[in-house]
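Trainee: As input, take structure-v4.pdb (PDB, C-alpha atoms):
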```pdb
ATOM      1  CA  GLY A   1     -22.285 -16.965-189.313
ATOM      2  CA  TYR A   2     -20.003 -18.793-191.758
ATOM      3  CA  ARG A   3     -21.627 -21.846-193.311
ATOM      4  CA  VAL A   4     -20.035 -25.079-194.556
ATOM      5  CA  GLY A   5     -22.287 -27.453-196.453
ATOM      6  CA  ARG A   6     -25.377 -28.427-194.475
ATOM      7  CA  LEU A   7     -23.947 -27.545-191.080
ATOM      8  CA  PRO A   8     -25.522 -24.688-189.113
ATOM      9  CA  PRO A   9     -23.835 -21.246-189.175
ATOM     10  CA  TYR A  10     -20.624 -21.228-187.168
ATOM     11  CA  PRO A  11     -21.167 -19.044-184.059
ATOM     12  CA  SER A  12     -17.618 -17.709-183.534
ATOM     13  CA  HIS A  13     -14.889 -15.676-185.227
ATOM     14  CA  ALA A  14     -12.160 -18.199-184.343
ATOM     15  CA  CYS A  15     -12.079 -21.952-183.796
ATOM     16  CA  LEU A  16     -10.648 -22.515-180.303
ATOM     17  CA  SER A  17     -10.390 -26.241-179.610
ATOM     18  CA  VAL A  18      -9.267 -27.663-176.256
ATOM     19  CA  ASN A  19      -7.851 -31.154-175.609
ATOM     20  CA  GLU A  20     -10.283 -33.735-177.090
ATOM     21  CA  CYS A  21     -11.854 -31.100-179.356
ATOM     22  CA  VAL A  22     -10.244 -31.751-182.732
ATOM     23  CA  VAL A  23     -11.566 -28.703-184.599
ATOM     24  CA  HIS A  24     -14.323 -26.070-184.631
ATOM     25  CA  GLY A  25     -14.433 -25.438-180.893
ATOM     26  CA  THR A  26     -17.174 -23.017-179.841
ATOM     27  CA  PRO A  27     -17.584 -20.739-176.791
ATOM     28  CA  GLY A  28     -20.420 -22.835-175.352
ATOM     29  CA  PHE A  29     -18.474 -26.085-175.571
ATOM     30  CA  TYR A  30     -15.659 -25.245-173.166
ATOM     31  CA  THR A  31     -16.437 -22.739-170.426
ATOM     32  CA  LYS A  32     -13.836 -23.688-167.803
ATOM     33  CA  PRO A  33     -10.633 -21.648-167.370
ATOM     34  CA  LEU A  34      -7.668 -23.165-169.180
ATOM     35  CA  LYS A  35      -5.322 -25.020-166.839
ATOM     36  CA  ALA A  36      -1.698 -26.045-167.012
ATOM     37  CA  GLY A  37      -1.233 -28.968-169.371
ATOM     38  CA  ASP A  38      -4.249 -28.243-171.569
ATOM     39  CA  LEU A  39      -3.820 -28.296-175.339
ATOM     40  CA  LEU A  40      -5.343 -25.371-177.245
ATOM     41  CA  SER A  41      -5.660 -25.359-181.039
ATOM     42  CA  VAL A  42      -6.274 -21.944-182.611
ATOM     43  CA  ASP A  43      -7.703 -21.931-186.155
ATOM     44  CA  VAL A  44      -8.470 -18.618-187.869
ATOM     45  CA  GLY A  45      -9.440 -17.634-191.404
ATOM     46  CA  VAL A  46      -8.838 -14.056-192.559
ATOM     47  CA  PHE A  47     -10.255 -12.215-195.571
ATOM     48  CA  TYR A  48      -7.927  -9.471-196.850
ATOM     49  CA  LYS A  49      -8.115  -7.511-200.111
ATOM     50  CA  GLY A  50     -10.120 -10.234-201.811
ATOM     51  CA  TRP A  51      -7.916 -13.111-200.692
ATOM     52  CA  VAL A  52      -8.184 -15.621-197.858
ATOM     53  CA  GLY A  53      -5.636 -16.956-195.390
ATOM     54  CA  ASP A  54      -6.445 -19.939-193.182
ATOM     55  CA  ALA A  55      -4.078 -21.448-190.638
ATOM     56  CA  ALA A  56      -4.031 -23.312-187.323
ATOM     57  CA  TRP A  57      -1.514 -24.231-184.634
ATOM     58  CA  THR A  58      -1.659 -26.122-181.333
ATOM     59  CA  TYR A  59      -0.220 -24.826-178.054
ATOM     60  CA  ALA A  60       0.240 -26.303-174.597
ATOM     61  CA  ILE A  61      -0.746 -24.122-171.649
ATOM     62  CA  ARG A  62       2.229 -23.514-169.288
ATOM     63  CA  GLU A  63       3.437 -27.137-169.398
ATOM     64  CA  VAL A  64       3.013 -30.282-171.440
ATOM     65  CA  SER A  65       2.978 -33.992-170.664
ATOM     66  CA  GLU A  66       5.457 -36.241-172.442
ATOM     67  CA  GLU A  67       2.703 -37.945-174.446
ATOM     68  CA  ASN A  68       1.148 -34.655-175.533
ATOM     69  CA  ARG A  69       4.580 -33.304-176.423
ATOM     70  CA  ARG A  70       5.145 -36.303-178.697
ATOM     71  CA  LEU A  71       1.705 -35.743-180.241
ATOM     72  CA  MET A  72       2.544 -32.115-180.984
ATOM     73  CA  GLU A  73       5.927 -32.950-182.477
ATOM     74  CA  CYS A  74       4.314 -35.675-184.579
ATOM     75  CA  GLY A  75       1.730 -33.238-185.958
ATOM     76  CA  LYS A  76       4.304 -30.618-186.910
ATOM     77  CA  GLU A  77       6.574 -33.163-188.565
ATOM     78  CA  ALA A  78       3.635 -34.695-190.456
ATOM     79  CA  LEU A  79       2.815 -31.246-191.839
ATOM     80  CA  ARG A  80       6.442 -30.683-192.846
ATOM     81  CA  ARG A  81       6.766 -34.055-194.563
ATOM     82  CA  GLY A  82       3.452 -33.682-196.337
ATOM     83  CA  ILE A  83       4.309 -30.252-197.720
ATOM     84  CA  ALA A  84       7.620 -31.590-199.043
ATOM     85  CA  GLU A  85       5.635 -33.999-201.247
ATOM     86  CA  MET A  86       3.559 -31.245-202.890
ATOM     87  CA  LYS A  87       5.680 -31.021-206.034
ATOM     88  CA  PRO A  88       4.356 -30.430-209.550
ATOM     89  CA  GLY A  89       3.517 -33.785-211.115
ATOM     90  CA  ALA A  90       3.219 -35.646-207.799
ATOM     91  CA  THR A  91      -0.243 -36.848-206.796
ATOM     92  CA  TYR A  92      -2.317 -35.733-203.835
ATOM     93  CA  LEU A  93      -1.885 -39.299-202.643
ATOM     94  CA  ASN A  94       1.782 -38.550-201.945
ATOM     95  CA  TRP A  95       0.698 -35.985-199.345
ATOM     96  CA  ALA A  96      -1.584 -38.481-197.574
ATOM     97  CA  LYS A  97       1.018 -41.243-197.696
ATOM     98  CA  ALA A  98       3.634 -39.017-196.051
ATOM     99  CA  VAL A  99       1.271 -37.703-193.367
ATOM    100  CA  GLN A 100      -0.423 -40.979-192.469
ATOM    101  CA  GLY A 101       2.821 -42.925-192.621
ATOM    102  CA  HIS A 102       4.502 -40.639-190.133
ATOM    103  CA  VAL A 103       1.525 -40.327-187.777
ATOM    104  CA  GLU A 104       0.343 -43.919-187.692
ATOM    105  CA  THR A 105       3.389 -46.022-188.567
ATOM    106  CA  GLU A 106       6.218 -44.046-186.971
ATOM    107  CA  CYS A 107       4.486 -42.182-184.131
ATOM    108  CA  LYS A 108       1.735 -44.758-183.386
ATOM    109  CA  PHE A 109      -0.942 -42.057-183.152
ATOM    110  CA  HIS A 110      -4.086 -41.716-185.292
ATOM    111  CA  CYS A 111      -5.036 -39.424-188.180
ATOM    112  CA  VAL A 112      -8.592 -38.185-187.679
ATOM    113  CA  ARG A 113     -10.862 -39.640-190.373
ATOM    114  CA  GLY A 114     -13.294 -37.654-192.467
ATOM    115  CA  LEU A 115     -11.421 -34.370-192.161
ATOM    116  CA  GLY A 116      -8.799 -32.805-194.390
ATOM    117  CA  GLY A 117      -7.450 -29.805-196.218
ATOM    118  CA  HIS A 118      -9.118 -27.724-198.911
ATOM    119  CA  GLY A 119      -8.583 -25.244-201.665
ATOM    120  CA  ILE A 120      -8.469 -21.570-200.714
ATOM    121  CA  GLY A 121      -7.822 -18.307-202.514
ATOM    122  CA  ARG A 122     -10.824 -16.116-203.172
ATOM    123  CA  LYS A 123     -13.019 -18.086-200.759
ATOM    124  CA  LEU A 124     -12.359 -19.943-197.526
ATOM    125  CA  HIS A 125     -13.337 -23.444-198.634
ATOM    126  CA  GLY A 126     -13.170 -24.828-202.147
ATOM    127  CA  ALA A 127     -11.837 -27.671-204.267
ATOM    128  CA  PRO A 128      -9.768 -29.741-203.986
ATOM    129  CA  PHE A 129     -10.278 -31.816-200.841
ATOM    130  CA  VAL A 130      -6.926 -33.006-199.456
ATOM    131  CA  SER A 131      -7.285 -36.104-197.280
ATOM    132  CA  ASN A 132      -4.722 -36.911-194.591
ATOM    133  CA  VAL A 133      -5.253 -40.660-195.027
ATOM    134  CA  MET A 134      -5.085 -43.100-197.919
ATOM    135  CA  PRO A 135      -8.451 -44.128-199.390
ATOM    136  CA  THR A 136      -9.662 -47.583-198.393
ATOM    137  CA  HIS A 137     -12.201 -48.145-201.193
ATOM    138  CA  PRO A 138     -12.898 -46.805-204.706
ATOM    139  CA  GLY A 139     -14.600 -43.432-204.754
ATOM    140  CA  GLU A 140     -13.729 -42.552-201.163
ATOM    141  CA  TRP A 141     -11.383 -39.765-202.265
ATOM    142  CA  PRO A 142     -11.964 -38.946-205.949
ATOM    143  CA  GLU A 143      -9.124 -36.397-206.091
ATOM    144  CA  ALA A 144      -6.496 -38.813-204.754
ATOM    145  CA  PHE A 145      -4.731 -39.324-208.076
ATOM    146  CA  ASN A 146      -4.921 -35.702-209.182
ATOM    147  CA  LYS A 147      -1.502 -34.150-209.651
ATOM    148  CA  TRP A 148      -0.227 -30.991-208.038
ATOM    149  CA  GLU A 149      -0.055 -28.214-210.606
ATOM    150  CA  PRO A 150       1.718 -24.852-210.383
ATOM    151  CA  GLY A 151      -0.728 -22.227-209.168
ATOM    152  CA  THR A 152      -2.664 -24.580-206.880
ATOM    153  CA  LEU A 153      -3.329 -22.912-203.531
ATOM    154  CA  VAL A 154      -4.511 -25.092-200.641
ATOM    155  CA  ALA A 155      -4.789 -25.176-196.873
ATOM    156  CA  VAL A 156      -3.399 -28.523-195.722
ATOM    157  CA  GLU A 157      -4.039 -29.618-192.165
ATOM    158  CA  PRO A 158      -3.056 -32.794-190.323
ATOM    159  CA  MET A 159      -5.431 -33.500-187.436
ATOM    160  CA  LEU A 160      -4.363 -36.309-185.142
ATOM    161  CA  ALA A 161      -5.305 -37.867-181.829
ATOM    162  CA  ILE A 162      -3.763 -40.174-179.271
ATOM    163  CA  GLY A 163      -6.372 -42.901-179.041
ATOM    164  CA  THR A 164      -8.527 -43.033-182.167
ATOM    165  CA  GLY A 165      -9.076 -41.608-185.625
ATOM    166  CA  ARG A 166     -12.841 -41.604-185.160
ATOM    167  CA  THR A 167     -14.872 -38.601-184.037
ATOM    168  CA  SER A 168     -17.983 -37.936-181.980
ATOM    169  CA  GLN A 169     -19.809 -34.872-183.216
ATOM    170  CA  GLY A 170     -23.174 -35.257-181.480
ATOM    171  CA  GLU A 171     -26.352 -33.367-182.231
ATOM    172  CA  ARG A 172     -24.774 -29.915-181.882
ATOM    173  CA  SER A 173     -22.797 -30.364-185.123
ATOM    174  CA  TRP A 174     -20.133 -28.079-183.685
ATOM    175  CA  PRO A 175     -17.538 -28.895-182.408
ATOM    176  CA  ILE A 176     -15.888 -32.139-183.573
ATOM    177  CA  LEU A 177     -14.468 -34.298-180.757
ATOM    178  CA  THR A 178     -12.324 -37.416-180.617
ATOM    179  CA  GLY A 179     -14.466 -40.520-180.283
ATOM    180  CA  ASP A 180     -12.711 -41.713-177.134
ATOM    181  CA  GLY A 181     -12.022 -38.375-175.437
ATOM    182  CA  SER A 182      -8.274 -38.569-176.025
ATOM    183  CA  ALA A 183      -6.173 -35.473-176.737
ATOM    184  CA  SER A 184      -5.817 -34.108-180.260
ATOM    185  CA  VAL A 185      -3.743 -31.541-182.153
ATOM    186  CA  HIS A 186      -4.278 -29.568-185.360
ATOM    187  CA  TYR A 187      -1.702 -27.911-187.620
ATOM    188  CA  GLU A 188      -2.726 -26.067-190.787
ATOM    189  CA  ALA A 189      -0.634 -24.260-193.383
ATOM    190  CA  ASP A 190      -1.389 -22.399-196.609
ATOM    191  CA  VAL A 191       0.707 -23.787-199.441
ATOM    192  CA  LEU A 192       1.149 -22.493-202.974
ATOM    193  CA  VAL A 193       2.443 -25.041-205.477
ATOM    194  CA  THR A 194       4.965 -23.356-207.779
ATOM    195  CA  GLU A 195       6.980 -24.657-210.718
ATOM    196  CA  LYS A 196       9.924 -25.007-208.321
ATOM    197  CA  GLY A 197       7.913 -26.854-205.673
ATOM    198  CA  PRO A 198       5.734 -26.060-202.655
ATOM    199  CA  ARG A 199       5.888 -22.650-200.991
ATOM    200  CA  ASP A 200       4.586 -22.528-197.416
ATOM    201  CA  LEU A 201       2.927 -19.109-197.111
ATOM    202  CA  THR A 202       2.541 -19.592-193.357
ATOM    203  CA  GLU A 203       6.037 -20.899-192.652
ATOM    204  CA  GLY A 204       6.607 -18.421-189.818
ATOM    205  CA  MET A 205       4.137 -20.329-187.655
ATOM    206  CA  SER A 206       6.681 -23.091-187.156
ATOM    207  CA  GLU A 207       8.785 -20.620-185.199
ATOM    208  CA  LEU A 208       6.048 -19.996-182.630
ATOM    209  CA  PRO A 209       6.506 -21.410-179.091
ATOM    210  CA  ASP A 210       4.794 -24.693-178.274
ATOM    211  CA  ILE A 211       4.166 -23.755-174.652
ATOM    212  CA  VAL A 212       2.378 -20.491-173.804
ATOM    213  CA  GLY A 213       0.759 -18.818-170.813
TER     214      GLY A 213
END
```
Please render this file's structure as structure tokens.
Mentor:
Amino acid sequence: GYRVGRLPPYPSHACLSVNECVVHGTPGFYTKPLKAGDLLSVDVGVFYKGWVGDAAWTYAIREVSEENRRLMECGKEALRRGIAEMKPGATYLNWAKAVQGHVETECKFHCVRGLGGHGIGRKLHGAPFVSNVMPTHPGEWPEAFNKWEPGTLVAVEPMLAIGTGRTSQGERSWPILTGDGSASVHYEADVLVTEKGPRDLTEGMSELPDIVG
């Protein structure tokens, strides 16, 4: 029943996204049993004592192809590099430059357009919006030149795909799929900007296994 903007209420308690589903996978979208080699992204938001946590990670089921393994490693490294740039006084643009540069220039994959991170804290989605890509025209990302300030709490989340950065959402609104049907991954961390630099509140997720099942 959670609502975001003008989209219909979300029908699930967790976003379970398989293969070409970038984010917001729903029960009705994927009804087949998971098979070896599938990619599964798990995205969950939790309300606890008036605060919100929101994180996501991608797993391979039993085995992983070489290309999908590279995609997963690229996503995790993009998240790590982006977080390292979230220092007081640096701009949000530094985050996007680090993430997009690694994904598209070094790894030759694609950042998914139109999606990004968001402020959290007392509610699940709030300002600021944190794009994973550099703006291409004035006004596309108004917050781009804002500076990270101590006390800022955000969920940052690289979403990337093998073949394209464009999506195909269709009339259902949920879920969001890659435009060409290629595989995608999603990594999301909660980060608190402190006077000493970024603090990853979900850092333990990086220790989770990539292959499960």
Trainee: Need the shell around segment 1-17 of chain A: protein/DNA/RNA residues with any atom at most 12 Å away, counting all atoms listed in the file. Skip same-chain ones fewer than 4 positions apart. Format as a compact mmCIF listing (two decimals) with C-alpha atoms, in the frame of the given file?
Mentor:
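And here is the file that came out, out-v6.txt:
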```
# COMPACT_ATOMS: atom_id res chain seq x y z
CA CYS A 21 -11.85 -31.10 -179.36
CA VAL A 22 -10.24 -31.75 -182.73
CA VAL A 23 -11.57 -28.70 -184.60
CA HIS A 24 -14.32 -26.07 -184.63
CA GLY A 25 -14.43 -25.44 -180.89
CA THR A 26 -17.17 -23.02 -179.84
CA PRO A 27 -17.58 -20.74 -176.79
CA GLY A 28 -20.42 -22.84 -175.35
CA PHE A 29 -18.47 -26.08 -175.57
CA TYR A 30 -15.66 -25.24 -173.17
CA THR A 31 -16.44 -22.74 -170.43
CA LEU A 34 -7.67 -23.16 -169.18
CA ASP A 38 -4.25 -28.24 -171.57
CA LEU A 39 -3.82 -28.30 -175.34
CA LEU A 40 -5.34 -25.37 -177.24
CA SER A 41 -5.66 -25.36 -181.04
CA VAL A 42 -6.27 -21.94 -182.61
CA ASP A 43 -7.70 -21.93 -186.16
CA VAL A 44 -8.47 -18.62 -187.87
CA GLY A 45 -9.44 -17.63 -191.40
CA VAL A 46 -8.84 -14.06 -192.56
CA PHE A 47 -10.26 -12.22 -195.57
CA ASP A 54 -6.44 -19.94 -193.18
CA ALA A 55 -4.08 -21.45 -190.64
CA ALA A 56 -4.03 -23.31 -187.32
CA TRP A 57 -1.51 -24.23 -184.63
CA THR A 58 -1.66 -26.12 -181.33
CA TYR A 59 -0.22 -24.83 -178.05
CA ALA A 60 0.24 -26.30 -174.60
CA LYS A 123 -13.02 -18.09 -200.76
CA LEU A 124 -12.36 -19.94 -197.53
CA HIS A 125 -13.34 -23.44 -198.63
CA GLY A 126 -13.17 -24.83 -202.15
CA MET A 159 -5.43 -33.50 -187.44
CA GLN A 169 -19.81 -34.87 -183.22
CA GLU A 171 -26.35 -33.37 -182.23
CA ARG A 172 -24.77 -29.92 -181.88
CA SER A 173 -22.80 -30.36 -185.12
CA TRP A 174 -20.13 -28.08 -183.68
CA PRO A 175 -17.54 -28.90 -182.41
CA ILE A 176 -15.89 -32.14 -183.57
CA LEU A 177 -14.47 -34.30 -180.76
CA THR A 178 -12.32 -37.42 -180.62
CA ALA A 183 -6.17 -35.47 -176.74
CA SER A 184 -5.82 -34.11 -180.26
CA VAL A 185 -3.74 -31.54 -182.15
CA HIS A 186 -4.28 -29.57 -185.36
CA TYR A 187 -1.70 -27.91 -187.62
```
Trainee: For segment 139-144 of chain A, work out the shell of residues within 8 Å, counting only C-alpha atoms and skipping chain neighbours fewer than 2 positions away, then give it as a short mmCIF file (atom, residue, chain, number, x, y, z; two decimals) with C-alpha atoms, in the frame of the given file.
Mentor:
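Listing of result-v6.cif after writing:
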```cif
data_model
loop_
_atom_site.label_atom_id
_atom_site.label_comp_id
_atom_site.auth_asym_id
_atom_site.auth_seq_id
_atom_site.Cartn_x
_atom_site.Cartn_y
_atom_site.Cartn_z
CA THR A 91 -0.24 -36.85 -206.80
CA TYR A 92 -2.32 -35.73 -203.84
CA LEU A 93 -1.88 -39.30 -202.64
CA PRO A 128 -9.77 -29.74 -203.99
CA PHE A 129 -10.28 -31.82 -200.84
CA VAL A 130 -6.93 -33.01 -199.46
CA SER A 131 -7.28 -36.10 -197.28
CA PRO A 135 -8.45 -44.13 -199.39
CA THR A 136 -9.66 -47.58 -198.39
CA HIS A 137 -12.20 -48.14 -201.19
CA ASN A 146 -4.92 -35.70 -209.18
#
```
Trainee: Using all atoms listed in the file, which residue out of A:Glu67, A:Glu77, A:Asp180, A:Glu85 lies closest to His102 of chain A?
Mentor: A:Glu77
Trainee: Please provide the set of residues having any atom within 12 Å of Gly204 of chain A, restricted to all atoms listed in the file, with same-chain residues fewer than 3 positions apart removed, written as a list in words.
Mentor: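 In the requested format, the answer is Ala55, Ala56, Trp57, Ala189, Asp190, Arg199, Asp200, Leu201, Glu207, Leu208 and Pro209 of chain A.
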Trainee: On this file, the PyMOL selection byres ((chain A and resi 212) around 6) gives some set of residues; write that set as JSON, numbers by chain.
Mentor: {"A": [61, 62, 211, 213]}
Trainee: Care to translate the PyMOL selection byres ((chain A and resi 81) around 12) into actual residues of this file, as a ChimeraX atom specification?
Mentor: /A:74-80,82-87,94-103,132,156-158,198
Trainee: One decimal, in Å: what's the spacing between atom CA of Val64 of chain A and atom CA of Glu106 of chain A?
Mentor: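 According to the coordinates, atom CA of Val64 of chain A and atom CA of Glu106 of chain A are separated by 21.0 Å.
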Trainee: When you draw a straight line from atom CA of Thr194 of chain A to atom CA of Ser206 of chain A, how long is it in Å?
Mentor: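 Computing the Euclidean distance for atom CA of Thr194 of chain A and atom CA of Ser206 of chain A yields 20.7 Å.
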Trainee: If the PyMOL selection byres ((chain A and resi 89) around 8) were run on this exact file, what residues would it hold? Put them as a list of chain:residue names.
Mentor: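 Taken over the shown coordinates, the PyMOL selection byres ((chain A and resi 89) around 8) returns A:Lys87, A:Pro88, A:Ala90, A:Thr91, A:Lys147, A:Trp148, A:Glu149.
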Trainee: I'd like the interatomic distance between atom CA of Glu188 of chain A and atom CA of Ala155 of chain A, to a tenth of an Å.
Mentor: 6.5 Å
Trainee: Out of A:Ser182, A:Ser65, A:Thr202, A:Thr164, which residue has the shortest atom-to-atom distance to Cys111 of chain A when counting all atoms listed in the file?
Mentor: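 Among the listed residues, the smallest separation from Cys111 of chain A belongs to A:Thr164.
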Trainee: Quick one: everything within 8 Å of Arg122 of chain A, counting only C-alpha atoms, minus sequence neighbours fewer than 2 positions away in the same chain. Send it as a list in words.
Mentor: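 Surrounding residues, per the criterion: Gly50, Trp51, Val52, Ile120 and Leu124 of chain A.
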Trainee: Those same residues - C-alpha atoms - I'd like them written as an mmCIF file, keeping the file's coordinate frame.
Mentor:
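Contents of the output file again-v4.cif:
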```
data_model
loop_
_atom_site.group_PDB
_atom_site.id
_atom_site.type_symbol
_atom_site.label_atom_id
_atom_site.label_comp_id
_atom_site.auth_asym_id
_atom_site.auth_seq_id
_atom_site.Cartn_x
_atom_site.Cartn_y
_atom_site.Cartn_z
ATOM 1 C CA GLY A 50 -10.120 -10.234 -201.811
ATOM 2 C CA TRP A 51 -7.916 -13.111 -200.692
ATOM 3 C CA VAL A 52 -8.184 -15.621 -197.858
ATOM 4 C CA ILE A 120 -8.469 -21.570 -200.714
ATOM 5 C CA LEU A 124 -12.359 -19.943 -197.526
#
```
Trainee: Pick the closest to Ala161 of chain A from A:Val191, A:Phe145, A:Gly181, A:Gly114: which is it, counting all atoms listed in the file?
Mentor: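 Under the stated criterion, the closest residue is A:Gly181.
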Trainee: Can you pull out the residues contacting Val193 of chain A? Cut-off 6 Å, using all atoms listed in the file, and skip same-chain residues under 2 positions away; I want them as a list of chain:residue names.
Mentor: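 Near Val193 of chain A, the qualifying residues are A:Pro150, A:Gly151, A:Thr152, A:Gly197, A:Pro198.
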Trainee: Using the partial input, fill out segment 180-191 of chain A with N, CA, C and O atoms; write the result as a PDB file, in the coordinates of the input.
Mentor:
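Saved as out.pdb:
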```
ATOM      1  N   ASP A 180     -13.003 -41.107-178.433  1.00  0.00           N
ATOM      2  CA  ASP A 180     -12.711 -41.713-177.134  1.00  0.00           C
ATOM      3  C   ASP A 180     -12.311 -40.686-176.074  1.00  0.00           C
ATOM      4  O   ASP A 180     -11.918 -41.047-174.968  1.00  0.00           O
ATOM      5  N   GLY A 181     -12.383 -39.414-176.397  1.00  0.00           N
ATOM      6  CA  GLY A 181     -12.022 -38.375-175.437  1.00  0.00           C
ATOM      7  C   GLY A 181     -10.535 -38.147-175.277  1.00  0.00           C
ATOM      8  O   GLY A 181     -10.112 -37.399-174.388  1.00  0.00           O
ATOM      9  N   SER A 182      -9.722 -38.759-176.137  1.00  0.00           N
ATOM     10  CA  SER A 182      -8.274 -38.569-176.025  1.00  0.00           C
ATOM     11  C   SER A 182      -7.855 -37.237-176.649  1.00  0.00           C
ATOM     12  O   SER A 182      -8.585 -36.638-177.440  1.00  0.00           O
ATOM     13  N   ALA A 183      -6.667 -36.771-176.289  1.00  0.00           N
ATOM     14  CA  ALA A 183      -6.173 -35.473-176.737  1.00  0.00           C
ATOM     15  C   ALA A 183      -5.906 -35.464-178.240  1.00  0.00           C
ATOM     16  O   ALA A 183      -5.588 -36.490-178.854  1.00  0.00           O
ATOM     17  N   SER A 184      -6.034 -34.270-178.828  1.00  0.00           N
ATOM     18  CA  SER A 184      -5.817 -34.108-180.260  1.00  0.00           C
ATOM     19  C   SER A 184      -5.030 -32.830-180.530  1.00  0.00           C
ATOM     20  O   SER A 184      -4.975 -31.928-179.687  1.00  0.00           O
ATOM     21  N   VAL A 185      -4.436 -32.749-181.715  1.00  0.00           N
ATOM     22  CA  VAL A 185      -3.743 -31.541-182.153  1.00  0.00           C
ATOM     23  C   VAL A 185      -4.108 -31.262-183.600  1.00  0.00           C
ATOM     24  O   VAL A 185      -4.559 -32.145-184.337  1.00  0.00           O
ATOM     25  N   HIS A 186      -3.879 -30.014-184.022  1.00  0.00           N
ATOM     26  CA  HIS A 186      -4.278 -29.568-185.360  1.00  0.00           C
ATOM     27  C   HIS A 186      -3.253 -28.549-185.853  1.00  0.00           C
ATOM     28  O   HIS A 186      -2.992 -27.545-185.178  1.00  0.00           O
ATOM     29  N   TYR A 187      -2.662 -28.833-187.012  1.00  0.00           N
ATOM     30  CA  TYR A 187      -1.702 -27.911-187.620  1.00  0.00           C
ATOM     31  C   TYR A 187      -2.121 -27.670-189.074  1.00  0.00           C
ATOM     32  O   TYR A 187      -2.323 -28.627-189.830  1.00  0.00           O
ATOM     33  N   GLU A 188      -2.239 -26.403-189.441  1.00  0.00           N
ATOM     34  CA  GLU A 188      -2.726 -26.067-190.787  1.00  0.00           C
ATOM     35  C   GLU A 188      -1.848 -24.987-191.403  1.00  0.00           C
ATOM     36  O   GLU A 188      -1.547 -23.979-190.764  1.00  0.00           O
ATOM     37  N   ALA A 189      -1.470 -25.210-192.660  1.00  0.00           N
ATOM     38  CA  ALA A 189      -0.634 -24.260-193.383  1.00  0.00           C
ATOM     39  C   ALA A 189      -1.234 -23.970-194.752  1.00  0.00           C
ATOM     40  O   ALA A 189      -1.899 -24.828-195.351  1.00  0.00           O
ATOM     41  N   ASP A 190      -1.004 -22.764-195.251  1.00  0.00           N
ATOM     42  CA  ASP A 190      -1.389 -22.399-196.609  1.00  0.00           C
ATOM     43  C   ASP A 190      -0.193 -22.641-197.517  1.00  0.00           C
ATOM     44  O   ASP A 190       0.897 -22.108-197.268  1.00  0.00           O
ATOM     45  N   VAL A 191      -0.404 -23.421-198.556  1.00  0.00           N
ATOM     46  CA  VAL A 191       0.707 -23.787-199.441  1.00  0.00           C
ATOM     47  C   VAL A 191       0.360 -23.459-200.891  1.00  0.00           C
ATOM     48  O   VAL A 191      -0.708 -23.831-201.384  1.00  0.00           O
TER      49      VAL A 191
END
```
